[in-house]
>>> print(open('upload.cif').read())   # mmCIF, C-alpha atoms
data_my_file
#
loop_
_atom_site.label_atom_id
_atom_site.label_comp_id
_atom_site.auth_asym_id
_atom_site.auth_seq_id
_atom_site.Cartn_x
_atom_site.Cartn_y
_atom_site.Cartn_z
CA SER A 1 -34.56 -43.54 70.80
CA GLN A 2 -31.36 -42.82 68.92
CA THR A 3 -31.48 -41.56 65.37
CA ILE A 4 -28.75 -40.89 62.84
CA HIS A 5 -29.04 -38.34 60.07
CA GLN A 6 -26.64 -38.43 57.18
CA TRP A 7 -26.44 -36.17 54.12
CA PRO A 8 -26.31 -35.77 51.23
CA ALA A 9 -27.94 -39.06 50.24
CA THR A 10 -26.34 -39.06 46.80
CA LEU A 11 -23.42 -37.15 45.40
CA VAL A 12 -21.69 -37.06 42.02
CA GLN A 13 -18.35 -35.31 42.15
CA PRO A 14 -15.53 -34.87 39.60
CA VAL A 15 -12.06 -36.22 40.29
CA GLY A 16 -10.01 -33.70 42.21
CA SER A 17 -12.97 -31.95 43.81
CA PRO A 18 -13.46 -31.73 47.61
CA LEU A 19 -15.90 -33.79 49.65
CA SER A 20 -17.89 -33.22 52.79
CA LEU A 21 -20.35 -35.78 54.17
CA GLU A 22 -22.11 -34.88 57.39
CA CYS A 23 -23.64 -36.99 60.09
CA THR A 24 -25.53 -35.99 63.21
CA VAL A 25 -26.99 -38.21 65.90
CA GLU A 26 -29.84 -37.61 68.30
CA GLY A 27 -31.11 -39.22 71.45
CA THR A 28 -27.80 -40.05 73.09
CA SER A 29 -24.77 -38.35 74.55
CA ASN A 30 -21.10 -39.13 74.07
CA PRO A 31 -21.64 -41.90 71.53
CA ASN A 32 -18.85 -43.66 69.70
CA LEU A 33 -19.10 -42.60 66.05
CA TYR A 34 -17.89 -44.41 62.95
CA TRP A 35 -17.54 -43.97 59.20
CA TYR A 36 -17.81 -47.15 57.13
CA ARG A 37 -17.57 -47.61 53.39
CA GLN A 38 -19.11 -50.31 51.23
CA ALA A 39 -17.33 -50.51 47.91
CA ALA A 40 -19.05 -52.31 45.03
CA GLY A 41 -19.35 -56.05 45.72
CA ARG A 42 -17.56 -55.86 49.02
CA GLY A 43 -18.36 -55.85 52.70
CA LEU A 44 -18.34 -52.90 55.05
CA GLN A 45 -14.93 -51.44 55.81
CA LEU A 46 -14.31 -49.27 58.85
CA LEU A 47 -12.62 -46.00 57.86
CA PHE A 48 -12.63 -43.87 61.02
CA TYR A 49 -13.94 -43.98 64.54
CA SER A 50 -14.24 -41.39 67.27
CA VAL A 51 -14.76 -41.78 71.00
CA GLY A 52 -15.12 -38.05 71.72
CA ILE A 53 -14.94 -34.50 70.41
CA GLY A 54 -11.77 -33.96 68.42
CA GLN A 55 -10.69 -37.60 68.84
CA ILE A 56 -10.32 -39.38 65.51
CA SER A 57 -8.71 -42.73 64.77
CA SER A 58 -8.05 -43.89 61.23
CA GLU A 59 -8.28 -47.57 60.41
CA VAL A 60 -6.91 -47.58 56.87
CA PRO A 61 -4.62 -45.22 54.98
CA GLN A 62 -6.60 -43.30 52.42
CA ASN A 63 -7.45 -40.06 50.75
CA LEU A 64 -10.09 -39.18 53.32
CA SER A 65 -10.17 -37.49 56.71
CA ALA A 66 -12.73 -37.20 59.50
CA SER A 67 -13.54 -34.63 62.14
CA ARG A 68 -15.81 -34.44 65.16
CA PRO A 69 -16.37 -30.78 65.99
CA GLN A 70 -19.29 -31.50 68.32
CA ASP A 71 -20.37 -34.45 70.45
CA ARG A 72 -23.07 -35.53 68.01
CA GLN A 73 -21.54 -34.42 64.71
CA PHE A 74 -19.18 -36.43 62.56
CA ILE A 75 -17.83 -35.23 59.21
CA LEU A 76 -16.05 -37.12 56.45
CA SER A 77 -13.93 -35.02 54.12
CA SER A 78 -11.51 -35.09 51.27
CA LYS A 79 -9.52 -32.30 49.68
CA LYS A 80 -9.21 -34.03 46.29
CA LEU A 81 -11.38 -36.99 45.39
CA LEU A 82 -10.06 -40.01 43.49
CA LEU A 83 -12.05 -42.38 41.31
CA SER A 84 -11.40 -45.10 43.91
CA ASP A 85 -13.26 -43.07 46.54
CA SER A 86 -16.57 -44.00 44.92
CA GLY A 87 -18.78 -46.09 47.16
CA PHE A 88 -21.55 -46.16 49.72
CA TYR A 89 -20.56 -44.33 52.90
CA LEU A 90 -22.25 -45.08 56.19
CA CYS A 91 -22.16 -43.16 59.41
CA ALA A 92 -22.76 -45.28 62.47
CA MET A 93 -22.95 -44.86 66.19
CA ALA A 94 -22.68 -46.98 69.30
CA PRO A 95 -24.36 -45.60 72.41
CA THR A 96 -21.64 -46.10 74.95
CA VAL A 97 -24.07 -47.12 77.69
CA SER A 98 -25.66 -49.98 75.76
CA GLY A 99 -22.83 -52.21 74.76
CA ASN A 100 -21.48 -53.23 71.41
CA THR A 101 -24.39 -52.79 69.04
CA ILE A 102 -23.73 -50.27 66.30
CA TYR A 103 -26.58 -48.48 64.53
CA PHE A 104 -26.25 -47.13 61.01
CA GLY A 105 -27.50 -44.08 59.18
CA GLU A 106 -29.17 -44.15 55.80
CA GLY A 107 -25.94 -43.96 53.85
CA SER A 108 -24.54 -41.66 51.16
CA TRP A 109 -23.84 -42.77 47.60
CA LEU A 110 -20.71 -41.10 46.26
CA THR A 111 -19.82 -41.42 42.60
CA VAL A 112 -16.57 -39.85 41.52
CA VAL A 113 -16.45 -39.20 37.77
CA ASP B 1 -6.62 -60.74 55.84
CA GLN B 2 -10.36 -61.40 55.97
CA GLN B 3 -11.07 -62.03 59.65
CA VAL B 4 -14.80 -62.54 59.10
CA LYS B 5 -15.93 -64.57 56.12
CA GLN B 6 -19.28 -65.31 54.58
CA ASN B 7 -18.41 -67.90 51.99
CA SER B 8 -21.81 -68.04 50.31
CA PRO B 9 -22.38 -64.94 48.18
CA SER B 10 -26.03 -65.83 47.70
CA LEU B 11 -28.80 -68.10 48.99
CA SER B 12 -32.20 -68.82 47.51
CA VAL B 13 -35.04 -70.40 49.53
CA GLN B 14 -38.76 -70.96 49.20
CA GLU B 15 -41.20 -68.97 51.29
CA GLY B 16 -42.03 -70.79 54.53
CA ARG B 17 -38.81 -72.79 54.58
CA ILE B 18 -35.74 -72.22 56.73
CA SER B 19 -32.93 -69.90 55.64
CA ILE B 20 -29.51 -70.64 57.09
CA LEU B 21 -26.79 -68.05 56.67
CA ASN B 22 -23.27 -68.94 57.70
CA CYS B 23 -20.28 -66.98 58.90
CA ASP B 24 -16.76 -67.97 59.93
CA TYR B 25 -14.17 -65.96 61.80
CA THR B 26 -10.48 -66.34 62.51
CA ASN B 27 -9.75 -63.89 65.32
CA SER B 28 -10.08 -65.66 68.66
CA MET B 29 -10.32 -62.28 70.40
CA PHE B 30 -13.79 -61.69 68.97
CA ASP B 31 -16.37 -62.09 71.72
CA TYR B 32 -19.48 -60.41 70.37
CA PHE B 33 -21.22 -61.17 67.11
CA LEU B 34 -24.01 -59.45 65.23
CA TRP B 35 -26.15 -59.91 62.16
CA TYR B 36 -27.34 -57.01 60.04
CA LYS B 37 -29.82 -56.88 57.20
CA LYS B 38 -29.33 -54.45 54.36
CA TYR B 39 -31.52 -53.33 51.48
CA PRO B 40 -29.94 -51.63 48.45
CA ALA B 41 -29.04 -47.97 49.00
CA GLU B 42 -29.99 -48.14 52.69
CA GLY B 43 -27.99 -48.42 55.88
CA PRO B 44 -27.74 -51.86 57.54
CA THR B 45 -30.37 -52.65 60.14
CA PHE B 46 -29.39 -54.50 63.29
CA LEU B 47 -31.11 -57.90 63.57
CA ILE B 48 -29.70 -59.95 66.39
CA SER B 49 -26.52 -60.43 68.36
CA ILE B 50 -24.84 -62.99 70.56
CA SER B 51 -22.15 -62.83 73.18
CA SER B 52 -19.43 -65.45 73.29
CA ILE B 53 -20.72 -66.65 76.66
CA LYS B 54 -23.78 -68.03 74.89
CA ASP B 55 -24.24 -70.53 72.10
CA LYS B 56 -27.73 -69.51 71.03
CA ASN B 57 -29.89 -66.42 70.97
CA GLU B 58 -33.42 -66.27 69.66
CA ASP B 59 -35.63 -63.35 68.68
CA GLY B 60 -38.87 -64.22 66.95
CA ARG B 61 -38.15 -65.84 63.60
CA PHE B 62 -34.42 -65.20 63.95
CA THR B 63 -31.99 -67.42 65.83
CA VAL B 64 -28.24 -67.06 65.94
CA PHE B 65 -26.02 -70.01 66.84
CA LEU B 66 -22.41 -69.70 67.90
CA ASN B 67 -19.86 -72.52 67.81
CA LYS B 68 -16.75 -71.07 69.43
CA SER B 69 -14.58 -74.12 68.94
CA ALA B 70 -15.26 -74.03 65.21
CA LYS B 71 -15.23 -70.22 65.09
CA HIS B 72 -18.53 -70.38 63.27
CA LEU B 73 -21.86 -68.69 63.62
CA SER B 74 -25.09 -69.02 61.72
CA LEU B 75 -28.36 -67.17 61.39
CA HIS B 76 -31.56 -69.18 61.02
CA ILE B 77 -34.73 -67.55 59.73
CA VAL B 78 -37.87 -69.62 60.20
CA PRO B 79 -40.21 -69.34 58.41
CA SER B 80 -38.64 -67.33 55.62
CA GLN B 81 -40.73 -64.58 54.05
CA PRO B 82 -40.31 -62.68 50.77
CA GLY B 83 -39.69 -59.50 52.79
CA ASP B 84 -36.58 -61.16 54.21
CA SER B 85 -34.91 -60.85 50.81
CA ALA B 86 -31.89 -58.63 51.39
CA VAL B 87 -28.14 -58.76 51.95
CA TYR B 88 -27.18 -60.17 55.33
CA PHE B 89 -23.90 -59.23 56.98
CA CYS B 90 -22.34 -60.88 59.96
CA ALA B 91 -20.03 -58.78 62.11
CA ALA B 92 -17.71 -59.37 65.02
CA SER B 93 -16.26 -57.29 67.80
CA SER B 94 -13.70 -57.80 70.52
CA GLY B 95 -15.78 -55.95 73.10
CA ALA B 96 -16.88 -52.44 73.94
CA GLY B 97 -14.30 -52.02 76.63
CA GLY B 98 -10.59 -51.58 76.39
CA THR B 99 -9.28 -50.28 73.10
CA SER B 100 -11.76 -51.99 70.80
CA TYR B 101 -14.31 -49.16 71.15
CA GLY B 102 -17.05 -51.34 69.73
CA LYS B 103 -15.49 -51.46 66.28
CA LEU B 104 -17.03 -54.10 64.06
CA THR B 105 -15.39 -56.27 61.45
CA PHE B 106 -17.85 -57.30 58.75
CA GLY B 107 -18.12 -60.23 56.43
CA GLN B 108 -18.68 -59.73 52.72
CA GLY B 109 -22.41 -60.34 52.93
CA THR B 110 -24.81 -62.97 51.61
CA ILE B 111 -27.67 -62.09 49.30
CA LEU B 112 -30.81 -63.91 50.47
CA THR B 113 -33.69 -64.31 48.04
CA VAL B 114 -36.95 -65.77 49.33
CA HIS B 115 -39.29 -66.90 46.56
CA PRO B 116 -43.07 -66.78 47.06
#
>>> encode(input="upload.cif", output="structure tokens")
Amino acid sequence: SQTIHQWPATLVQPVGSPLSLECTVEGTSNPNLYWYRQAAGRGLQLLFYSVGIGQISSEVPQNLSASRPQDRQFILSSKKLLLSDSGFYLCAMAPTVSGNTIYFGEGSWLTVV
Amino acid sequence: DQQVKQNSPSLSVQEGRISILNCDYTNSMFDYFLWYKKYPAEGPTFLISISSIKDKNEDGRFTVFLNKSAKHLSLHIVPSQPGDSAVYFCAASSGAGGTSYGKLTFGQGTILTVHP
């Protein structure tokens, strides 16, 4: 079965500091990978998706970037965090052979202070 | 523009009764719909889905109904249990093929509380 590992689980970072959230998946090859964010009191917003190594598509303009250096690794980064970057970040994957269902990791709480 | 809407921020039901969670969408290109359950500080868990070629899908206590003409779907939980208390998100997709790449558009979520 597919599993998604995401870390760190919680993070408190000062404004202007860099960010790196990592996600790895197991049990599948060539998955579609996604980064979502849940801001306080809001739904889940798609930030980035990737259909293959080195292929990144951004859904909304923002202070963040994503990279996929390996088939099962997806990284969310920022060079300088803003207060508005605070939120709950979720890595997700869709096994390309099994249709539309997306499965989520455990999530990472980011608080920018 | 909110393409997927859950107009009820919260719902409270008694244990053993039916919970009905509603969701509306505006994009007629959506053809696949999902419901997720989420506990605080955890990732959403997939519950049930339905393709636009169907109007009902059932899995145990969970049933999803789709009314394409009204662009409305609902999740029924029968009987409701205290462990069902969580935030429920509906999501929509315009298919895994083509350029959609399985991307989901989520509603804002509904907080379900089931009282013993």
>>> closest_residue(input="upload.cif", among="A:Gly43, A:Val12, A:Trp109, A:Tyr36", to="chain B", atoms="all atoms listed in the file")
A:Gly43
>>> closest_residue(input="upload.cif", among="A:Val51, A:Leu21, A:Leu33, A:Leu81", to="Tyr103 of chain A", atoms="all atoms listed in the file")
A:Leu33
>>> residues_near_point(input="upload.cif", point="(-13.4, -57.8, 68.5)", cutoff="7 Å", atoms="all atoms listed in the file", output="ChimeraX atom specification")
/B:29-32,92-95,100,104
>>> resolve_selection(input="upload.cif", expression="the PyMOL selection byres ((chain A) within 7 of (chain B))", output="list in words")
Arg42, Gly43, Leu44, Leu90, Gly99, Asn100, Tyr103, Phe104, Gly105, Glu106 and Gly107 of chain A
>>> residues_around(input="upload.cif", residues="segment 63-67 of chain B", least_positions_apart="5", cutoff="10 Å", atoms="all atoms listed in the file", output="list in words")
Ile20, Leu21, Asn22, Cys23, Asp24, Phe33, Leu34, Trp35, Leu47, Ile48, Ser49, Ile50, Ser51, Ser52, Ile53, Lys54, Asp55, Lys56, Asn57, Glu58, His72, Leu73, Ser74, Leu75, His76, Ile77 and Val78 of chain B
>>> atom_distance(input="upload.cif", atom1="atom CA of Tyr89 of chain A", atom2="atom CA of His5 of chain A")
12.6 Å
>>> resolve_selection(input="upload.cif", expression="the PyMOL selection byres ((chain A and resi 77) around 8)", output="ChimeraX atom specification")
/A:18-21,64-66,75-76,78-79
